[in-house]
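Visitor: Pasting upload.csv below, which is CSV, C-alpha atoms.
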```csv
chain,number,residue,atom,x,y,z
A,1,MET,CA,9.5,181.8,238.8
A,2,SER,CA,8.8,180.1,235.6
A,3,ILE,CA,10.3,181.6,232.4
A,4,LEU,CA,8.1,181.8,229.4
A,5,ARG,CA,9.5,181.2,225.9
A,6,THR,CA,7.6,181.7,222.6
A,7,PRO,CA,8.4,182.4,219.0
A,8,HIS,CA,8.9,186.2,218.7
A,9,SER,CA,10.0,186.9,215.1
A,10,ALA,CA,6.5,187.8,213.9
A,11,LEU,CA,6.4,191.2,215.5
A,12,GLU,CA,7.3,193.6,212.7
A,13,SER,CA,6.1,197.0,213.9
A,14,VAL,CA,4.8,198.6,217.1
A,15,THR,CA,3.7,202.0,218.2
A,16,VAL,CA,5.0,203.2,221.5
A,17,VAL,CA,2.8,205.8,223.3
A,18,GLY,CA,4.5,207.9,226.0
A,19,PRO,CA,7.9,209.6,225.5
A,20,GLY,CA,9.0,209.2,229.2
A,21,ARG,CA,12.0,207.2,230.4
A,22,LEU,CA,10.6,203.8,229.7
A,23,GLY,CA,9.0,204.8,226.4
A,24,ARG,CA,12.2,206.1,225.0
A,25,SER,CA,14.3,203.2,226.2
A,26,ILE,CA,11.9,200.5,225.0
A,27,ALA,CA,11.5,202.2,221.6
A,28,ARG,CA,15.3,202.3,221.2
A,29,ALA,CA,15.7,198.7,222.2
A,30,LEU,CA,13.0,197.4,219.9
A,31,ARG,CA,14.5,199.3,217.0
A,32,ALA,CA,17.9,197.7,217.7
A,33,ALA,CA,16.1,194.4,217.6
A,34,GLY,CA,14.9,195.1,214.1
A,35,VAL,CA,11.3,196.2,214.9
A,36,VAL,CA,9.8,199.1,213.0
A,37,VAL,CA,8.9,201.5,215.9
A,38,HIS,CA,6.5,204.5,215.6
A,39,GLY,CA,7.0,207.0,218.3
A,40,PRO,CA,7.3,207.4,221.2
A,41,VAL,CA,4.1,209.4,220.7
A,42,GLY,CA,3.4,212.3,223.1
A,43,ARG,CA,0.1,213.3,224.7
A,44,GLY,CA,-2.4,214.6,222.2
A,45,GLU,CA,-0.4,213.4,219.2
A,46,GLU,CA,-1.9,211.1,216.6
A,47,ILE,CA,-1.2,207.4,217.3
A,48,PRO,CA,0.1,205.7,214.1
A,49,ASP,CA,-1.5,202.4,213.1
A,50,ALA,CA,0.5,199.3,214.0
A,51,PRO,CA,-0.3,195.6,214.9
A,52,VAL,CA,0.8,196.4,218.5
A,53,VAL,CA,0.4,199.6,220.5
A,54,LEU,CA,2.5,199.7,223.7
A,55,LEU,CA,1.4,202.2,226.3
A,56,CYS,CA,4.3,203.6,228.4
A,57,VAL,CA,2.2,206.2,230.1
A,58,PRO,CA,1.5,207.0,233.8
A,59,ASP,CA,-0.9,204.6,235.5
A,60,GLY,CA,-3.7,207.2,235.8
A,61,GLU,CA,-3.6,207.8,232.0
A,62,ILE,CA,-3.8,204.2,230.9
A,63,ALA,CA,-7.5,203.9,230.4
A,64,ALA,CA,-7.7,207.1,228.3
A,65,ALA,CA,-4.7,206.2,226.3
A,66,ALA,CA,-6.0,202.7,225.6
A,67,HIS,CA,-9.3,204.2,224.4
A,68,ALA,CA,-7.4,206.6,222.1
A,69,ALA,CA,-5.3,203.7,220.7
A,70,THR,CA,-8.2,201.4,220.0
A,71,ALA,CA,-8.4,202.4,216.3
A,72,ALA,CA,-4.7,202.4,215.8
A,73,GLY,CA,-3.7,198.9,216.9
A,74,ARG,CA,-5.1,195.4,216.9
A,75,MET,CA,-3.3,194.5,220.1
A,76,ILE,CA,-2.9,197.0,222.9
A,77,GLY,CA,-0.7,196.6,226.0
A,78,HIS,CA,0.5,198.6,228.9
A,79,THR,CA,3.8,198.6,230.8
A,80,SER,CA,2.5,199.2,234.3
A,81,GLY,CA,3.4,196.8,237.1
A,82,ALA,CA,0.4,197.9,239.3
A,83,VAL,CA,-2.6,198.5,237.0
A,84,PRO,CA,-4.7,195.4,236.0
A,85,ILE,CA,-5.1,194.7,232.3
A,86,HIS,CA,-8.8,195.4,232.2
A,87,ASP,CA,-8.4,198.2,229.6
A,88,VAL,CA,-5.8,196.5,227.4
A,89,ASP,CA,-5.0,193.1,225.9
A,90,PHE,CA,-1.7,192.5,227.7
A,91,GLY,CA,0.7,193.8,230.3
A,92,LEU,CA,4.4,194.0,230.0
A,93,HIS,CA,6.4,195.2,233.0
A,94,PRO,CA,10.2,195.2,233.0
A,95,LEU,CA,11.6,194.8,236.5
A,96,GLN,CA,14.2,197.5,236.0
A,97,THR,CA,14.7,201.2,236.4
A,98,PHE,CA,15.4,203.4,233.4
A,99,THR,CA,16.8,206.9,232.6
A,100,GLY,CA,15.4,207.3,229.1
A,101,ASP,CA,18.9,207.4,227.6
A,102,ASP,CA,19.7,203.8,228.2
A,103,ASP,CA,21.7,201.6,225.8
A,104,PRO,CA,19.4,199.1,223.9
A,105,THR,CA,21.0,196.3,225.9
A,106,VAL,CA,19.6,197.6,229.2
A,107,PHE,CA,16.7,195.0,229.0
A,108,ARG,CA,19.0,192.0,228.5
A,109,GLY,CA,18.6,189.5,231.3
A,110,VAL,CA,16.0,191.6,233.1
A,111,ALA,CA,12.9,189.9,234.5
A,112,CYS,CA,9.8,191.0,232.8
A,113,ALA,CA,6.3,190.3,234.2
A,114,VAL,CA,3.8,189.5,231.5
A,115,ALA,CA,0.0,188.9,231.4
A,116,GLY,CA,-2.6,188.6,228.7
A,117,ARG,CA,-6.4,188.4,228.4
A,118,SER,CA,-6.0,185.7,225.7
A,119,ASP,CA,-3.3,183.2,224.7
A,120,GLU,CA,-2.5,185.4,221.7
A,121,ALA,CA,-2.1,188.5,223.9
A,122,LEU,CA,0.2,186.6,226.3
A,123,GLU,CA,2.3,185.4,223.4
A,124,THR,CA,2.6,189.0,222.2
A,125,ALA,CA,3.8,190.2,225.5
A,126,THR,CA,6.2,187.3,225.9
A,127,GLY,CA,7.5,187.9,222.3
A,128,ILE,CA,8.2,191.5,223.0
A,129,ALA,CA,10.1,190.6,226.2
A,130,LEU,CA,12.2,188.1,224.4
A,131,LEU,CA,12.9,190.5,221.6
A,132,LEU,CA,14.2,192.9,224.2
A,133,GLY,CA,16.4,190.2,225.6
A,134,ALA,CA,14.4,190.0,228.9
A,135,ARG,CA,13.3,187.0,230.8
A,136,ALA,CA,9.5,186.8,230.7
A,137,PHE,CA,7.6,185.4,233.6
A,138,PRO,CA,3.8,185.2,234.1
A,139,LEU,CA,2.1,187.5,236.6
A,140,ASP,CA,-1.2,186.6,238.2
A,141,GLU,CA,-3.5,189.5,238.1
A,142,ALA,CA,-4.6,188.8,241.7
A,143,HIS,CA,-1.0,189.3,242.8
A,144,ARG,CA,-0.1,192.4,240.8
A,145,ALA,CA,-0.3,194.9,243.6
A,146,ALA,CA,1.9,192.8,245.9
A,147,TYR,CA,4.4,192.3,243.1
A,148,HIS,CA,4.6,196.0,242.4
A,149,ALA,CA,4.9,196.8,246.1
A,150,ALA,CA,7.9,194.5,246.3
A,151,ALA,CA,9.5,196.3,243.3
A,152,SER,CA,8.9,199.7,244.9
A,153,VAL,CA,10.4,198.6,248.2
A,154,ALA,CA,13.5,197.2,246.5
A,155,ALA,CA,14.1,200.1,244.2
A,156,ASN,CA,12.3,203.3,245.3
A,157,PHE,CA,12.7,202.9,249.0
A,158,LEU,CA,16.3,202.0,248.5
A,159,VAL,CA,16.9,205.4,247.0
A,160,THR,CA,15.0,207.0,249.9
A,161,ILE,CA,17.3,205.3,252.4
A,162,ALA,CA,20.4,206.2,250.3
A,163,ASP,CA,19.3,209.8,250.3
A,164,ALA,CA,18.9,209.7,254.1
A,165,ALA,CA,22.4,208.2,254.4
A,166,GLU,CA,23.8,211.0,252.2
A,167,ARG,CA,22.1,213.7,254.3
A,168,ILE,CA,23.4,212.2,257.5
A,169,ALA,CA,26.9,212.1,256.0
A,170,GLU,CA,26.6,215.8,255.3
A,171,THR,CA,26.3,216.4,259.1
A,172,ALA,CA,29.7,214.7,259.5
A,173,GLY,CA,31.2,217.3,257.1
A,174,ILE,CA,31.1,215.0,254.0
A,175,PRO,CA,29.7,216.8,250.9
A,176,ALA,CA,26.8,215.0,249.2
A,177,LYS,CA,28.7,214.2,246.0
A,178,GLU,CA,31.6,212.8,248.0
A,179,ALA,CA,29.2,210.9,250.3
A,180,ARG,CA,27.8,209.1,247.3
A,181,LEU,CA,31.2,208.1,246.1
A,182,LEU,CA,32.1,206.8,249.5
A,183,LEU,CA,28.9,204.9,250.2
A,184,ALA,CA,28.2,203.5,246.7
A,185,PRO,CA,30.7,200.6,247.0
A,186,LEU,CA,29.2,199.7,250.3
A,187,VAL,CA,25.7,199.7,248.9
A,188,ARG,CA,26.7,197.7,245.8
A,189,ARG,CA,28.5,195.0,247.9
A,190,THR,CA,25.5,194.8,250.3
A,191,VAL,CA,23.1,194.3,247.4
A,192,GLU,CA,25.4,191.7,245.9
A,193,ASN,CA,25.6,189.8,249.2
A,194,TRP,CA,21.8,189.9,249.5
A,195,ALA,CA,21.3,188.7,245.9
A,196,SER,CA,23.7,185.8,246.4
A,197,GLY,CA,23.0,184.7,249.9
A,198,GLY,CA,19.8,186.4,251.1
A,199,PRO,CA,19.3,188.8,254.0
A,200,ALA,CA,20.8,186.5,256.6
A,201,THR,CA,24.1,186.6,254.8
A,202,ALA,CA,24.0,190.3,253.9
A,203,LEU,CA,23.0,191.7,257.3
A,204,THR,CA,26.0,193.2,259.3
A,205,GLY,CA,26.5,196.2,261.6
A,206,PRO,CA,25.8,197.0,265.2
A,207,ILE,CA,22.2,195.7,265.4
A,208,ALA,CA,23.2,192.4,263.9
A,209,ARG,CA,26.0,192.2,266.6
A,210,GLY,CA,23.6,193.3,269.4
A,211,ASP,CA,25.6,196.5,270.0
A,212,GLU,CA,22.8,198.8,271.1
A,213,GLU,CA,25.2,201.3,272.7
A,214,THR,CA,26.5,202.1,269.2
A,215,VAL,CA,23.0,202.4,267.9
A,216,GLU,CA,22.2,204.9,270.6
A,217,ARG,CA,25.2,207.0,269.6
A,218,GLN,CA,24.1,206.9,266.0
A,219,ARG,CA,20.6,208.0,267.0
A,220,ALA,CA,22.0,210.9,269.1
A,221,ALA,CA,24.1,212.1,266.2
A,222,ILE,CA,21.1,212.0,263.8
A,223,SER,CA,18.9,213.7,266.3
A,224,ALA,CA,21.5,216.5,266.6
A,225,GLY,CA,22.1,216.9,262.9
A,226,ARG,CA,19.1,215.7,261.1
A,227,PRO,CA,16.2,215.4,263.6
A,228,GLU,CA,13.6,215.0,260.9
A,229,LEU,CA,15.3,211.6,260.0
A,230,VAL,CA,15.0,210.2,263.6
A,231,PRO,CA,11.5,208.5,263.0
A,232,LEU,CA,12.9,206.8,259.8
A,233,PHE,CA,16.0,205.7,261.7
A,234,ASP,CA,13.9,204.3,264.6
A,235,GLU,CA,11.6,202.4,262.2
A,236,LEU,CA,14.5,200.9,260.3
A,237,CYS,CA,16.2,199.9,263.5
A,238,GLU,CA,13.1,198.0,264.7
A,239,ALA,CA,12.7,196.3,261.3
A,240,THR,CA,16.4,195.4,261.4
A,241,ARG,CA,16.2,194.0,265.0
A,242,ALA,CA,13.3,191.8,263.8
A,243,LEU,CA,15.5,190.6,260.9
A,244,ALA,CA,18.4,189.9,263.2
A,245,ARG,CA,16.1,187.8,265.4
A,246,ARG,CA,14.9,185.8,262.4
A,247,LYS,CA,18.5,185.3,261.4
A,248,GLU,CA,19.3,184.0,264.9
A,249,HIS,CA,16.4,181.6,264.9
A,250,ALA,CA,17.4,180.3,261.4
A,251,THR,CA,20.9,179.3,262.6
```
Could you rewrite the structure in this file as structure tokens?

Guide:
Amino acid sequence: MSILRTPHSALESVTVVGPGRLGRSIARALRAAGVVVHGPVGRGEEIPDAPVVLLCVPDGEIAAAAHAATAAGRMIGHTSGAVPIHDVDFGLHPLQTFTGDDDPTVFRGVACAVAGRSDEALETATGIALLLGARAFPLDEAHRAAYHAAASVAANFLVTIADAAERIAETAGIPAKEARLLLAPLVRRTVENWASGGPATALTGPIARGDEETVERQRAAISAGRPELVPLFDELCEATRALARRKEHAT
């Protein structure tokens, strides 16, 4: 991944459209960086004029929001990871999850995919990323869907799996809140091991050891307590077996 660098002091004001999690967080961070920020503007509200209008709206609303913002900004960008930049001048997608109440430093060191329909548009997207303290990298439009799918698997599906673990723990008599406290250090360490050494280093457990008897006991327990999770468990087991085989072939 190549990191883009460009002068970014010229951005003086920006209008943020969309008061959701990202809109609130990015507006706060840009203000902390010294940028005059209008908004975040909600649906149906007038969009204040600014050299740059940044759309932080749901994917399905980007085209309409871009049309509404045409008269308000010279340069319009969106923050979607999946939607092409046909309706805007640039794309800016922080590879991070947000709550809306994040500290302005939340963007620091975060990878940020940027794209532009012109050199000036790409420079604008890159400049905003650098103002936020993020690491800008170019995203080819042809690969946008695959990039966003990778992000969804890494973040959204991880939460789905953690929720399944929490629900299974409840069948063992561990309340959900306590289950999160018990499992969170394991999840964090696993992610850290994956980040530093890749899946071959991070993979542990009965499937990695070839202990199918233990896997069957786990499956029986899930079938008894959370039968609706058995198909998910089976699919994850098969995928993990394939990973374990790849790990063996690599050694």

Visitor: Can you tell me which residues surround Asp211 of chain A at a distance of at most 12 Å, considering only C-alpha atoms, apart from same-chain residues fewer than 5 positions away, and format the answer as a ChimeraX atom specification?

Guide: /A:204-206,216-218,237,241,244

Visitor: Measuring between only C-alpha atoms, which one of A:Val14, A:Leu55, A:Thr171, A:Ala50 shows the shortest distance to Ile128 of chain A?

Guide: A:Val14

Visitor: If we count all atoms listed in the file, what is near Met75 of chain A at a cut-off of 9 Å, once residues fewer than 6 positions away on the same chain are taken out, given as an MDAnalysis selection string?

Guide: chainID A and resid 50:54 88:90 121 124

Visitor: Of the candidates A:Ala149, A:Ala165, A:Leu122, A:Leu243, which shows the shortest atom-to-atom distance to Thr201 of chain A, using only C-alpha atoms?

Guide: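 That would be A:Leu243, the residue with the smallest distance to Thr201 of chain A.
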
Visitor: May I have the residues within 6 Å of Pro138 of chain A as a ChimeraX atom specification, using all atoms listed in the file and disregarding those fewer than 3 positions away in the same chain?

Guide: /A:113-115

Visitor: Those residues you just picked out, can you put them in a file as a PDB file, in the coordinates of the input with C-alpha atoms?

Guide:
```
ATOM      1  CA  ALA A 113       6.300 190.300 234.200  1.00  0.00           C
ATOM      2  CA  VAL A 114       3.800 189.500 231.500  1.00  0.00           C
ATOM      3  CA  ALA A 115       0.000 188.900 231.400  1.00  0.00           C
TER       4      ALA A 115
END
```

Visitor: Can you pull out every residue within 12 Å of His78 of chain A, counting only C-alpha atoms, but drop anything in the same chain fewer than 5 positions away, and send it as a PyMOL selection string?

Guide: chain A and resi 15-18+22-23+52-66+69+83-94+113-116+121+124-125

Visitor: Can you work out the spacing between atom CA of Gly133 of chain A and atom CA of Val110 of chain A in Å, to one decimal?

Guide: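 Separating atom CA of Gly133 of chain A from atom CA of Val110 of chain A is a distance of 7.6 Å.
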